[in-house]
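Asker: Here it is, the structure in full.
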Amino acid sequence: MSQSTPPNCEPNSTSTLQEQPGVLVVGKHHFLVRWSHWLNVPILLGLILSGISIYWASPIYQHKPDPNTGNVDVAADIGIWICAHVPGQHHYSSPPDWIYNHMSLGPGMLALALRLHWSCAYLFMLNGIVYVAGLVMGGAWRSLLPRRTDLLDALRMFRYYLGFPLAKLARRQWLHPRFNTKYNALQRAAYFSVSVAGFVSVATGWSIHKPMQLHWLAELFGGYNAARVWHFWLMWVYFLFVVPHVILVFADGWDTLRSMIVGWSTRAARSEVIAK
Amino acid sequence: MNNEEKERHTFDGMEPVVKSVSVKKPQSFFGERPLTAIEMAPRVLRYQSRRDFLVFGAGALAALAGAGFVLPQQTLSRMGMPRNMDSPGKERFLKQSTAYRRRRCRGSVLWNSQGTDLHQIADYLAQEQLQRSYS
């Protein structure tokens with residue numbers, strides 16, 4: 001039982017089951033939202049691993065051939081740099097492939113990578129539809145919409161996150177800004193923009209896959225090559241989202257993580273504030 | 001009407017002068033709805049949580065098994081999976097999925113149009129055993 005359960009709702013061990021008081025909970029996430037959230041983990045991993053393998057076959061970021069190595073790929077340069085400077089990597093057998101060996105299916109797997117990428121892409125699109133259906137059915141889409149006060153509230157939250165570690169070190173109290181909404185402004189901005197990123201990833205993916213048939217779509221992104229650049233950097237948007245997302249979920253506590261599995265939260269006090 | 005008269009009217013059992021009005025603000029369509037707190041029996045809550053955690057665990061195991069089935073052995077070895085997971089079934093699955101896609105494309109208009117199908121290029125390159133060389 002979470003510590004945020006109201007004291008009067010704690011089950012009494014001496015009473016019978018019938019006499020036990022109920023536990024006050026709030027329904028936080030629709031089951032379709034939860035399912036699509038967790039399904040995104042293997043799907044996005046598959047997309048990223050296979051996507052970087054596809055990138056290997058035709059890197060976006062290239063330079064003139066290096067006179068010593070003949071290398072043209074910037075990602076291979078990074079691999080070479082890592083093997084030269086990071087302890088324990090000096091004897092790596094193929095430095096130019098370091099990035100591809102650690103962040104993709106591997107080099108020289110274009111055919112398999114394309115098949116996996118499209119399998120995952122279809123699942124990603126299907127999962128996106130499930131997510132939207134869950135948002136609509138549960139009414140949670142309203143919690144994700146940006147508001148006029150978001151900029152100011154986001155700055156307050158940003159200040160809180162910046163100051164929190166220092167306050168912990170100094171053993172000072174650092175109060176969390178109060179919001180009468182399901183998500184704070186930063187969360188809302190992150191969840192809303194990552195959904196948009198998902199949509200744009202699909203659109204850029206189609207424009208790369210069918211550049212002749214869907215040339216109008218590629219033109220929207222500035223042409224075929226620009227669509228590839230968009231698609232590549234959208235992957236980094238997911239990285240930028242996922243890393244702080246996971247850290248903050250663990251920092252926020254068990255109740256937040258559990259609510260994404262079971263759907264309910266024992267933090268009922270906040271809902272009462274909203275209901276006022 | 002002064003205050004004294006107001007009080008007299010009320011006490012006489014007549015209609016009060018000031019009527020009560022609802023102060024609840026109308027909710028807009030886009031406005032966030034408050035989360036409703038519900039009281040649940042601990043036994044029901046425990047049962048539902050156990051069920052959801054079991055489904056979550058089963059899903060995680062299924063995802064791992066799926067990754068083992070689909071990913072190439074070379075990738076799995078790099079991830080620390082020493083056991084050979086390659087099987088005729090995996091090969092058949094990947095070939096069938098490509099064959100299915102080809103059958104579908106053949107029947108479509110897109111196949112005959114001027115398009116670059118990356119799968120065609122990839123299959124060709126894979127057949128040619130393309131290997132990038134770093135001299």
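Numbering starts fresh at 1 for the residues of each chain in the structure tokens, the chains themselves are lettered A, B, ... in the order given, and ligands are numbered from 1 as they appear.
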Within 12 Å of Phe29 of chain B, counting only C-alpha atoms, which residues qualify if same-chain residues fewer than 2 places away don't, as a VMD selection string?
Answerer: (chain A and resid 139 141 to 143 145) or (chain B and resid 26 to 27 31 to 33)
Asker: Residues of chain A within 6 Å of chain B, counting only C-alpha atoms, what are they? List them as a ChimeraX atom specification.
Answerer: /A:22-26,69-70,105,110-111,142-143,212,262,268,271,274-275
Asker: Now that the selection is made, can you save its residues with C-alpha atoms as a short mmCIF file (atom, residue, chain, number, x, y, z; two decimals), in the first residue's frame?
Answerer:
```
data_model
loop_
_atom_site.label_atom_id
_atom_site.label_comp_id
_atom_site.auth_asym_id
_atom_site.auth_seq_id
_atom_site.Cartn_x
_atom_site.Cartn_y
_atom_site.Cartn_z
CA GLY A 22 -12.51 0.55 0.96
CA VAL A 23 -9.35 1.94 -0.55
CA LEU A 24 -9.71 5.34 -2.16
CA VAL A 25 -8.23 5.26 -5.67
CA VAL A 26 -8.42 7.33 -8.84
CA THR A 69 41.00 5.26 -43.76
CA GLY A 70 38.86 5.92 -46.83
CA LEU A 105 21.27 -4.90 -35.68
CA LEU A 110 20.14 -3.98 -44.94
CA ALA A 111 17.62 -6.51 -46.24
CA ARG A 142 -8.02 16.76 -22.62
CA SER A 143 -5.14 16.44 -20.15
CA MET A 212 7.84 8.74 -56.18
CA VAL A 262 -2.78 -1.33 -13.17
CA ALA A 268 -6.58 10.55 -4.40
CA SER A 271 -8.22 14.63 -7.40
CA ILE A 274 -9.37 19.26 -8.70
CA ALA A 275 -12.93 18.46 -7.76
#
```
Asker: Using only C-alpha atoms, can you tell me which of A:His29, A:Gln213, A:Gly106, A:Gly79 comes closest to Trp56 of chain A?
Answerer: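 Comparing A:His29, A:Gln213, A:Gly106, A:Gly79 against Trp56 of chain A, the winner is A:Gly106.
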Asker: Record the distance separating atom CA of Arg188 of chain A and atom CA of Thr149 of chain A, expressed in Å with one decimal.
Answerer: 11.8 Å
Asker: Figure out the distance between atom CA of Tyr55 of chain A and atom CA of Phe192 of chain A, please, to one decimal in Å.
Answerer: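 Atom-to-atom, atom CA of Phe192 of chain A and atom CA of Tyr55 of chain A are spaced 27.5 Å apart.
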Asker: Please compute the atom CA of Leu47 of chain A-atom CA of Tyr191 of chain A distance, one decimal, in Å.
Answerer: 19.6 Å
Asker: Segment 59-228 of chain A: which residues are helix (DSSP H, G or I) by DSSP, as a PyMOL selection string?
Answerer: chain A and resi 74-85+95-103+110-138+141-144+150-169+185-209+215-220+224-228
Asker: May I have the selected residues written with C-alpha atoms, as a short mmCIF file (atom, residue, chain, number, x, y, z; two decimals), in the first residue's frame?
Answerer:
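Once everything was written out, this is again-v4.cif:
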```cif
data_model
loop_
_atom_site.label_atom_id
_atom_site.label_comp_id
_atom_site.auth_asym_id
_atom_site.auth_seq_id
_atom_site.Cartn_x
_atom_site.Cartn_y
_atom_site.Cartn_z
CA VAL A 74 30.46 10.48 -39.69
CA ALA A 75 29.02 7.68 -37.51
CA ALA A 76 32.07 5.56 -38.36
CA ASP A 77 34.30 8.52 -37.36
CA ILE A 78 32.60 8.58 -33.98
CA GLY A 79 33.26 4.85 -33.64
CA ILE A 80 36.92 5.35 -34.51
CA TRP A 81 37.16 8.19 -31.96
CA ILE A 82 35.54 6.05 -29.24
CA CYS A 83 37.97 3.19 -29.88
CA ALA A 84 40.91 5.59 -29.76
CA HIS A 85 39.92 7.45 -26.60
CA PRO A 95 36.37 0.67 -34.93
CA PRO A 96 34.29 2.12 -37.83
CA ASP A 97 31.52 -0.37 -37.00
CA TRP A 98 31.51 0.40 -33.27
CA ILE A 99 28.32 2.53 -33.42
CA TYR A 100 26.54 0.05 -35.67
CA ASN A 101 27.59 -2.92 -33.54
CA HIS A 102 26.32 -1.25 -30.37
CA MET A 103 23.25 0.67 -31.54
CA LEU A 110 20.14 -3.98 -44.94
CA ALA A 111 17.62 -6.51 -46.24
CA LEU A 112 16.76 -7.92 -42.84
CA ALA A 113 16.77 -4.46 -41.27
CA LEU A 114 14.28 -3.15 -43.83
CA ARG A 115 11.95 -6.08 -43.24
CA LEU A 116 12.09 -5.64 -39.48
CA HIS A 117 11.76 -1.87 -39.76
CA TRP A 118 8.56 -2.16 -41.74
CA SER A 119 7.15 -4.90 -39.52
CA CYS A 120 7.75 -2.64 -36.53
CA ALA A 121 6.49 0.42 -38.41
CA TYR A 122 3.14 -1.24 -39.14
CA LEU A 123 2.88 -2.26 -35.49
CA PHE A 124 3.80 1.30 -34.47
CA MET A 125 1.03 2.75 -36.63
CA LEU A 126 -1.47 0.23 -35.27
CA ASN A 127 -0.32 0.99 -31.75
CA GLY A 128 -0.77 4.71 -32.40
CA ILE A 129 -4.40 4.09 -33.35
CA VAL A 130 -4.88 2.05 -30.15
CA TYR A 131 -3.33 4.91 -28.13
CA VAL A 132 -5.60 7.52 -29.67
CA ALA A 133 -8.62 5.25 -29.12
CA GLY A 134 -7.61 4.89 -25.46
CA LEU A 135 -7.21 8.65 -25.08
CA VAL A 136 -10.63 9.30 -26.58
CA MET A 137 -12.42 6.54 -24.65
CA GLY A 138 -10.82 7.50 -21.34
CA TRP A 141 -6.83 13.63 -24.44
CA ARG A 142 -8.02 16.76 -22.62
CA SER A 143 -5.14 16.44 -20.15
CA LEU A 144 -2.61 16.59 -22.99
CA ASP A 150 1.82 26.45 -19.88
CA LEU A 151 4.87 28.57 -20.59
CA LEU A 152 4.94 30.09 -17.11
CA ASP A 153 4.09 26.80 -15.42
CA ALA A 154 6.76 25.00 -17.44
CA LEU A 155 9.35 27.51 -16.24
CA ARG A 156 8.24 26.93 -12.64
CA MET A 157 8.60 23.18 -13.09
CA PHE A 158 11.96 23.60 -14.81
CA ARG A 159 13.16 25.69 -11.88
CA TYR A 160 11.91 22.99 -9.52
CA TYR A 161 13.76 20.19 -11.35
CA LEU A 162 16.96 22.25 -11.52
CA GLY A 163 16.88 23.12 -7.84
CA PHE A 164 15.71 19.76 -6.52
CA PRO A 165 19.10 17.92 -6.55
CA LEU A 166 20.85 20.90 -4.97
CA ALA A 167 18.18 21.16 -2.30
CA LYS A 168 18.57 17.44 -1.59
CA LEU A 169 22.32 17.86 -1.22
CA ALA A 185 3.04 21.83 -17.88
CA LEU A 186 6.37 20.14 -18.66
CA GLN A 187 4.81 16.69 -18.68
CA ARG A 188 2.00 17.94 -20.89
CA ALA A 189 4.45 19.50 -23.33
CA ALA A 190 6.52 16.29 -23.42
CA TYR A 191 3.59 13.91 -23.89
CA PHE A 192 1.94 16.12 -26.48
CA SER A 193 5.12 16.67 -28.49
CA VAL A 194 6.15 13.02 -28.44
CA SER A 195 2.74 12.10 -29.87
CA VAL A 196 3.27 14.67 -32.62
CA ALA A 197 6.77 13.26 -33.16
CA GLY A 198 5.26 9.81 -33.61
CA PHE A 199 2.90 11.12 -36.26
CA VAL A 200 5.67 13.00 -38.10
CA SER A 201 7.92 9.91 -37.93
CA VAL A 202 5.25 7.89 -39.71
CA ALA A 203 4.74 10.62 -42.31
CA THR A 204 8.47 10.99 -43.01
CA GLY A 205 8.83 7.20 -43.08
CA TRP A 206 6.20 6.92 -45.80
CA SER A 207 7.75 9.74 -47.79
CA ILE A 208 11.12 7.95 -47.69
CA HIS A 209 9.62 4.58 -48.50
CA HIS A 215 6.35 12.91 -53.65
CA TRP A 216 3.93 15.54 -52.33
CA LEU A 217 4.56 14.23 -48.82
CA ALA A 218 8.33 14.32 -49.33
CA GLU A 219 7.96 17.89 -50.64
CA LEU A 220 6.22 18.85 -47.39
CA TYR A 224 13.54 13.18 -50.10
CA ASN A 225 16.89 13.93 -48.46
CA ALA A 226 15.39 16.41 -46.03
CA ALA A 227 12.71 13.85 -45.10
CA ARG A 228 15.52 11.42 -44.23
#
```
Asker: Would you please work out which residue, of A:Asn71, A:Asn40, A:Ser94, A:Ser104, is nearest to Ile52 of chain A when using only C-alpha atoms?
Answerer: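 Going through A:Asn71, A:Asn40, A:Ser94, A:Ser104 one by one, the smallest distance to Ile52 of chain A is for A:Ser104.
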